[in-house]
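Report on the structure given below.
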Amino acid sequence: VADKALDRDCTTLSRHVLQQLQSFSPQAQDLSALMNRIALAGKLIARRLSHAGLMEGVLGFTGDVNVQGESVKKMDVYANDVFISVFKQSGLVCRLASEEMEKPYYIPENCPIGRYTLLYDPIDGSSNTDTNLSLGSIFSIRQQEGSDLNGEAADLLASGRHQLAAGYILYGPSTMLVYTIGRGVHSFTLDPSLGEFILTEENIRIPEHGPVYSVNEGNFWQWDESIREYVRYVHRTEGYTARYSGAMVSDIHRILLQGGVFLYPGTLPKPEGKLRLLYESAPLAFVIEQAGGRATTGHMDILEVVAKKLHQRTPLIIGSPKNVAKVESFIQNGH
Ligand code: AHG
Ligand code: MN
Ligand code: MN
Ligand code: MN
């Protein structure tokens with residue numbers, strides 16, 4: 001007799017990817033192997049985080065400043081290197097581009113056959129690292145388009161619709177992996193005793209509307225008046241509640257499951273906001289759209305934005321379709 005719980009225990013991430021593509025085509029095999037490697041990176045990072053406070057040299061700053069102008073944490077570097085190490089041996093990925101590296105990292109051995117590029121945010125929510133709070137990793141997979149002979153990775157400057165797969169790992173009370181390959185959104189929970197990500201929920205749908213608004217209100221006086229008006233509207237309307245953790249992965253995960261909106265609008269000093277298009281906003285937009293939600297700059301769908309440079313930033317408004325439409329209406333019509 002088939003046992004339902006046992007069946008679920010056997011739905012590992014790599015098997016799930018294959019099942020969704022329902023074929024043993026080369027691309028199904030590749031995506032399954034790629035997701036398996038991302039899962040390994042997630043496990044290595046989760047393992048280090050789980051006893052970070054007990055080890056020397058894990059927490060705190062390195063003393064360096066990254067290409068974003070941010071102070072780098074030791075965990076940012078460790079997690080950045082984990083992805084490189086994991087993919088060096090995969091044979092599948094030719095280039096990796098991350099928040100922590102000014103230029104893409106090439107794995108020349110993989111380049112003749114390695115047709116994929118991994119874009120990633122190794123640790124999302126770095127400021128939470130030293131206080132044992134939720135963190136994430138964000139990933140996006142694209143197919144290399146063209147030869148990239150001059151090493152400029154110009155093909156990455158294409159819209160988010162070119163993503164083959166995207167998702168995130170959430171390091172919370174348990175470690176979860178959420179992904180899409182354009183066929184819905186699915187979540188997995190790491191079972192540490194098995195060392196496997198096991199299916200938690202298939203075809204997640206975001207609520208049409210939700211109570212949460214998630215934004216750093218410390219920037220209130222640096223926003224455009226339209227965003228201030230939206231937040232005033234939320235303040236005087238019953239049924240809204242604020243949640244902001246410092247890690248967009250955890251804030252957006254809550255919104256994916258329970259509804260609401262996350263905003264990182266432009267500010268006076270940073271008109272494009274803070275979040276980076278290629279490895280933060282676009283992958284999360286792919287996930288949220290696949291779950292029935294929306295992601296916009298306020299004027300344009302995030303997935304339509306074509307990057308002009310690797311580390312380009314965009315304003316981001318993402319979440320339940322009705323909440324996003326309301327913010328958009330403040331931006332476009334003032335109410
Ligand atoms: P990262 O840690 O990868 O640099 O990204 C942090 C991002 C995001 O996760 C978070 O929502 C936001 O920056 C927080 O920024 P503020 O402190 O400006 O609110
Ligand atoms: Mn950072
Ligand atoms: Mn980030
Ligand atoms: Mn980061």
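Convention: chains lettered A, B, ... in structure tokens order; per-chain residue numbering from 1; ligands numbered from 1 as shown.
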Q) Can you list, as a PyMOL selection string, every protein, DNA or RNA residue that comes within 10 Å of segment 74-90 of chain A when you count only C-alpha atoms, leaving out same-chain residues fewer than 4 positions away? A) chain A and resi 33-34+37-42+44-46+48-49+52+57-64+94-101+105-110+114+118+120-126+129-130+137
(Q) Can you pull out every residue with an atom within 9 Å of ligand 1? Use only C-alpha atoms and all ligand atoms and format it as a PyMOL selection string. (A) chain A and resi 68+70+76+99-100+121-128+135-138+214-219+244-252+262-264+273-276+280
Q) When distances are computed from only C-alpha atoms and all ligand atoms, which of A:Tyr179, A:His311, A:Ser159, A:Ile204 shows the smallest separation from ligand 2? A)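 Ranking A:Tyr179, A:His311, A:Ser159, A:Ile204 by distance to ligand 2, first place goes to A:His311.
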Q.
So that I can see what lies close to Gly319 of chain A, please list as a ChimeraX atom specification the residues with an atom at most 6 Å from it, counting only C-alpha atoms and leaving out residues fewer than 2 positions away in the same chain.
A. /A:260-261,293-294
Q: Assign secondary structure with DSSP using the backbone only, and return the residues of segment 173-247 of chain A in strand (DSSP E) as an MDAnalysis selection string.
A: chainID A and resid 175:180 186:191 196:201 212:214 241:242
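Among the candidates A:Gln144, A:Asn66, A:Thr267, A:Ser193, the one nearest to ligand 4 when counting only C-alpha atoms and all ligand atoms is A:Asn66.
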**Q.** Separation of atom CA of Leu303 of chain A from atom CA of Val178 of chain A, in Å and rounded to one decimal
**A.**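 Computing it gives 18.4 Å between the two atoms.
Using only C-alpha atoms for every distance, the candidate list A:Ala307, A:Phe330, A:Gln312, A:Ser14 yields A:Phe330 as the residue closest to Arg232 of chain A.
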**Q.** Selected residue of minimal separation from Arg183 of chain A among A:Gln19, A:Thr314, A:Gln332, A:Thr297, counting only C-alpha atoms
**A.**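 With only C-alpha atoms as the atom set, the closest residue is A:Gln19.
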Q: Between A:Ser320, A:Val231, A:Pro207, A:Phe139, single out the one closest to ligand 3, counting only C-alpha atoms and all ligand atoms.
A: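 Using only C-alpha atoms and all ligand atoms, ligand 3 sits closest to A:Phe139.
For the choices A:Ala5, A:Ala28, A:Val65, A:Leu157, the atom-to-atom distance to ligand 2 is smallest for A:Val65 when using only C-alpha atoms and all ligand atoms.
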Q: Find the spatial neighbours of Gln143 of chain A, counting only C-alpha atoms, within a cut-off of 10 Å - ignore same-chain residues fewer than 6 positions away - and output them as a list of chain:residue names.
A: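 Residues near the query, excluding close chain neighbours: A:Val93, A:Cys94, A:Gly114, A:Arg115, A:Tyr116, A:Thr117, A:Leu118, A:Asp155, A:Leu156, A:His162, A:Gln163, A:Leu164, A:Ala165.
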Q: Tell me, as a list in words, which residues lie within 9 Å of Gly160 of chain A, counting only C-alpha atoms; anything in the same chain fewer than 5 positions away does not count.
A: Leu277, Leu278, Ala282, Pro283, Ala285, Phe286, Ile302, Leu303, Glu304, Val305, Val306 and Ala307 of chain A
